[in-house]
Amino acid sequence: MTSPQVNHNIQPMETDSPPSALAHTLSFEEVCEHHHVDPNSGLTSDAAAQLLSSHGKNAFDTKGGVKWYTIFAYHAFNFMNLVLLVAMALSFVVLAYIDAGVVIFVIIINTLIGFRQEYKSEKTMEALRNMSTPTCRVLRDGETKEIESTELVPGDIILVKEGDSIPADARVVRVNGLETDEAILTGETVPVKKKLDAITEPDTPLGDRKNIVYMGTNVSKGKGRAVVVATGNDTEMGKIASTLNKAKKTRTPLQKRLDRLGVLLSGLAVLFIAIVLLTGWAWGTWAVYPEGLRVAVSVAVAIIPQSVVVVVTLTLTVGVRTMAERHALVRKLNAVETLGNITNICTDKTGTLTQGKMVATSVAIPFKGVYRVEGEGLEPHGAIKDSEGNEIEKESHEILIRAITIAALCNTSQLVEGSEEEASSSQEKAKEEGKGKKKEKSSRSPAPKEAAQTHDAQQPNEGAPAPGWRGVGSPTEVALVVLGHKIGVSRADSRDEWNMEREFPFDSTVKRMSMVYKNSQDQSYVLFMKGAPERVLEACTHIVTDDLSHPEPLSEEHKTTLSDLNKQMAGEGLRVLALAQRTLDSPEGEREDMARDCAFVGLIGVRDPPRPGVPEAIQVCHRAGIAVHMVTGDHPFTAKAIASQIGILRPELDEAALDRLVMTASQFDKLTEEELHNITLPLVIARCSPDSKVRMVTELSRRGRKVAMLGDGVNDAPAIKLADVGVAMGLAGSDVTKEAADIVLMDDNFNTVVKAIEEGRRVFQNIRRFLIFLLTGNISQGLIIVLSIAFSLRTPLTPEEVLWVNLIVSAPPAFILGTVPGRAWYMDKHRRPVDEAFFTPTTILDILFYGILLTGLGIVNFVIAQYGFNQSLPRSQAACFAATTCMLMFHSYTCLNLNGLFFKGGFLRAKWLHACVIFGIGSLFFTFYTPPFEVHVFEHRRPDWRNWLVVIASVFVSMLFSELYKIVKKPFRARARRRDYEEQAAQDEYMIFPPREVEAARVAKEMKPMRTDLAGPANA
């Protein structure tokens, strides 16, 4: 314990705090002197009150947020609704109250649905505020007091101990084994051991500022005292709060597309209305008032797809349900479709790409080999296999067993099963053992065999620990305890053979720890040592090669071999620990005397291993043309090793490319805007800060990329909120991150994101599919009216008929088209560009061709009825209405397979689509054969058998020409796909677009298993 020497007579006074960004560069004496505070007595109450009035409360500024009336006004007065509002007003002018009522109903429904899906209460700032500690312990007036954390001021001396949450950013002034868990802020899984020394480098990353404790982090071990240097919005957590408050997410691609579509259709409606009024007046077809205005209403409701908002919402809702079944909870509806446009994924490493648990994966015994350890998370089961994959037998691997025994027993951590209370009880026992107290415990850690019986029926969730297993202590040491359990060695189960006599705790100056055990079989004393390889090697003079009891002298050749082995394991991203032992005559003596002349036994590699399936998921991303970026708080070496192992860094990349694509946050943040715009953005950013993540997302967006950001800590929240799709971890994620996210993963698994992107691409294709269907109907109805009036014909369709087609007839098939199952090629960059536009030239051509085809046939039906059969206007309008409806219903089969013959696109399995077609055609008979509706609402007369024959012929001709059109456009579409791929390959910076001929065969083979995985609703 260290106590600073500061003048006790200094009176606290109001002063500006040193910037928290520089507090780590000052000694604790300088910080205390700056604040005019004595670390042994703290501020006076009067001084604290003055500082509170000038600095304000230790809370976040929560101003801002989206107002509900702003969202409501946006949806009520968008372009499509404005055209309908004009149509409604015209309906009232011409006394067409039924028309006006229907239009009002459509406007209200569209507004409420749009408002409901966008309006979400902004709880991010509230969640941040709830993270602050309700109370904390401080020194005030020379006494320890417990106060509200909001009352803290710069200069306060806070007292923290194990289990406490840090209430403000503070510079430590006294430590006693103090360690804090800063994963929520930095993403680093290993607790940070705090020390008093000043750090000279001002730009040191947050995770390396070991003399600062941060608001919102937790004390995992030890206790200490610190002087507050920043409160409220000035803390690192507060800066994140401010960033969240300022972050303005742009509208989603779907919202932008619907906005543009609304502008286009509104302009088209105005143009069509002008043509109708001018030509009708010029031809003398009718007077502008009232008949002309009523026709204008028909045009307005014909050209606006009234059901599009409802169908889009229902389609997205089905996507939400499907994604929920795949463990992705969607908080914001439009995120479903946006996922289909993702080109880049930025993801944290810990807990997302990796298991989030330290696991011992390798044990190296010099001159014997490297053994691989199986098992996941905290599950105390798993085989140990040699280099040939054979499971070892304990009896024939004495040195290996001793190495694992050293790792498990030279340890103060525990693996326990049960509730939090049991875990806390076990933690107290661990402390007592650490002090050398020998007492009987009332409970014991479950043995592996017992645990196996307990958990036979429980299956861990993809790398997560079995339910109920908890580690008590340092994650790295817990990993070694789990390793011991895998061979039946633990402190509780080894008391018959080993009894601890003394402990020499881990010392950061020598970077090792030691424990003295008594062997009850031969009554000998053995010192077990564990620590950094270079420091353990310094304490060794011998090495165990063949016999534990007869180690060989340690030669320079041995040291070279061990150094190479250490580098090899570290190169795999492992945290390497060395193990040694020494036989003693007595447990008494000084640490320096006892921890020398040891025999080197082996090395153990510990890491946070990749989640199962992550390399395959990243391969799927690359196959789809999506680049994956790792933004992590880890060290660069570890980040690079993991990125290479899971495939983020492609094996085709040379060393020069790897150096460009792996950066630290310091290197990335120092780039000027011009430099940033001109470089290849890195695939890995290590020691990443919240600002670095935001800058990465912002730059990708500037380049026109669509970004998904994954994370769990508060440090990820600003970037998650800013990204096109923000994804939070449901199990390990903070409330702040979840509130900022669009999607929450209920299993914290990267594989789930890839499945969600597959679903997003399915929704993307299906929305385009039913929009082609709906817009074909709208264009054809609008053109039928406009062209007929332009050529001096009467109005072929009434407003009621148009609304019936748009709302009642076309909406059900459109919804079913929105549920068509996914297809394997959606995730193949050869057939589907990663940044595919929504309204491609092919899509626009489809809408125009089908719209004009249906227009021509609809007018033919009207002309034949009126002039060929000399029928009345109401009956001719009914004939055109019947033809338009029937052709549109059968056009849904064309849209079922836009690129192939309709009967090859799941036609026979689409029973719900068949039902919708039957319903749509059947609804005609309701309008024709219910006199009140026929005469007073629709104002038409039922067609006769001659009209029905022409309608049937029109349906046949429309289907024939539609299928011929698909055949003609097929080779043009294939050439366009090749051109799109070559353009993407030319811009590829990450080697995920190899030459087409190299990858074609491999992709075809890999896509086969996906064909069953992408099945959607069976009846679609």
# chains A, B, ... in the order shown; residues from 1 in each chain; ligands from 1

$ residues_around --residues "A:Ala732" --least-positions-apart "6" --cutoff "10 Å" --atoms "only C-alpha atoms" --output "VMD selection string"
chain A and resid 184 350 to 352 356 711 to 713 745 to 748

$ select_by_dssp --residues "stretch 763-969 of chain A" --states "helix (DSSP H, G or I)" --output "ChimeraX atom specification"
/A:763-790,799-809,811-817,824-827,841-868,873-896,902-904,911-929,931-937,945-969

$ closest_residue --among "A:Ala837, A:Val763, A:Ile303, A:Ala47" --to "A:Val805" --atoms "only C-alpha atoms"
A:Ile303

$ residues_around --residues "A:Leu52" --least-positions-apart "2" --cutoff "10 Å" --atoms "only C-alpha atoms" --output "list in words"
Glu14, Asp46, Ala47, Ala48, Ala49, Gln50, Ser54, His55, Gly56, Lys57, Asn58, Thr150, Glu151, Leu152, Val153 and Pro154 of chain A

$ write_last_selection --atoms "C-alpha atoms" --output "CSV table (one decimal), in the first residue's frame"
chain,number,residue,atom,x,y,z
A,14,GLU,CA,-12.6,25.8,-6.5
A,46,ASP,CA,-18.3,23.7,2.0
A,47,ALA,CA,-15.7,23.3,-0.7
A,48,ALA,CA,-17.6,20.3,-2.2
A,49,ALA,CA,-20.8,22.4,-2.2
A,50,GLN,CA,-19.0,25.3,-4.1
A,54,SER,CA,-19.9,25.4,-10.5
A,55,HIS,CA,-19.4,22.0,-12.1
A,56,GLY,CA,-22.9,20.7,-11.8
A,57,LYS,CA,-24.1,17.2,-10.8
A,58,ASN,CA,-22.3,14.1,-11.8
A,150,THR,CA,-24.6,12.6,-8.5
A,151,GLU,CA,-23.1,14.7,-5.7
A,152,LEU,CA,-19.5,13.9,-6.6
A,153,VAL,CA,-17.2,16.7,-7.7
A,154,PRO,CA,-13.7,17.0,-9.1

$ atom_distance --atom1 "atom CA of A:Ala643" --atom2 "atom CA of A:Arg702"
25.0 Å

$ closest_residue --among "A:Pro690, A:Gly900, A:Pro615, A:Gly42" --to "A:Lys239" --atoms "only C-alpha atoms"
A:Pro690

$ residues_around --residues "stretch 969-971 of chain A" --least-positions-apart "4" --cutoff "8 Å" --atoms "only C-alpha atoms" --output "list of chain:residue names"
A:Asn899, A:Tyr965, A:Arg975

$ residues_around --residues "A:Ser520" --least-positions-apart "5" --cutoff "10 Å" --atoms "only C-alpha atoms" --output "PDB file with N, CA, C and O atoms, in the first residue's frame"
ATOM      1  N   ARG A 495      -6.654 -32.382  -2.121  1.00  0.00           N
ATOM      2  CA  ARG A 495      -6.161 -32.213  -0.751  1.00  0.00           C
ATOM      3  C   ARG A 495      -5.553 -33.484  -0.180  1.00  0.00           C
ATOM      4  O   ARG A 495      -4.738 -33.419   0.739  1.00  0.00           O
ATOM      5  N   ASP A 496      -5.969 -34.634  -0.692  1.00  0.00           N
ATOM      6  CA  ASP A 496      -5.376 -35.885  -0.195  1.00  0.00           C
ATOM      7  C   ASP A 496      -3.914 -35.995  -0.602  1.00  0.00           C
ATOM      8  O   ASP A 496      -3.147 -36.737   0.021  1.00  0.00           O
ATOM      9  N   GLU A 497      -3.533 -35.279  -1.658  1.00  0.00           N
ATOM     10  CA  GLU A 497      -2.140 -35.367  -2.136  1.00  0.00           C
ATOM     11  C   GLU A 497      -1.370 -34.078  -1.906  1.00  0.00           C
ATOM     12  O   GLU A 497      -0.191 -34.121  -1.542  1.00  0.00           O
ATOM     13  N   TRP A 498      -2.023 -32.927  -2.097  1.00  0.00           N
ATOM     14  CA  TRP A 498      -1.329 -31.649  -1.997  1.00  0.00           C
ATOM     15  C   TRP A 498      -2.042 -30.729  -0.996  1.00  0.00           C
ATOM     16  O   TRP A 498      -3.248 -30.541  -1.075  1.00  0.00           O
ATOM     17  N   ASN A 499      -1.266 -30.178  -0.083  1.00  0.00           N
ATOM     18  CA  ASN A 499      -1.780 -29.213   0.885  1.00  0.00           C
ATOM     19  C   ASN A 499      -0.950 -27.941   0.803  1.00  0.00           C
ATOM     20  O   ASN A 499       0.280 -27.988   0.949  1.00  0.00           O
ATOM     21  N   TYR A 525       8.206 -30.866   0.233  1.00  0.00           N
ATOM     22  CA  TYR A 525       7.653 -29.550  -0.062  1.00  0.00           C
ATOM     23  C   TYR A 525       8.059 -29.176  -1.490  1.00  0.00           C
ATOM     24  O   TYR A 525       9.241 -29.288  -1.850  1.00  0.00           O
TER      25      TYR A 525
END

$ closest_residue --among "A:Leu774, A:Leu43, A:Val809, A:Ile952" --to "A:Gly922" --atoms "only C-alpha atoms"
A:Val809

$ atom_distance --atom1 "atom CA of A:Leu51" --atom2 "atom CA of A:Glu182"
28.1 Å

$ closest_residue --among "A:Ala335, A:Ile642, A:Leu676, A:Leu415" --to "A:Gly573" --atoms "only C-alpha atoms"
A:Ile642

$ residues_around --residues "stretch 620-629 of chain A" --least-positions-apart "3" --cutoff "9 Å" --atoms "only C-alpha atoms" --output "ChimeraX atom specification"
/A:342-348,615-617,643,648,682-685,754,825-830,832-835,984,990,992-993,1003

$ closest_residue --among "A:Leu565, A:Pro205, A:Gln987, A:Val957" --to "A:Val370" --atoms "only C-alpha atoms"
A:Leu565
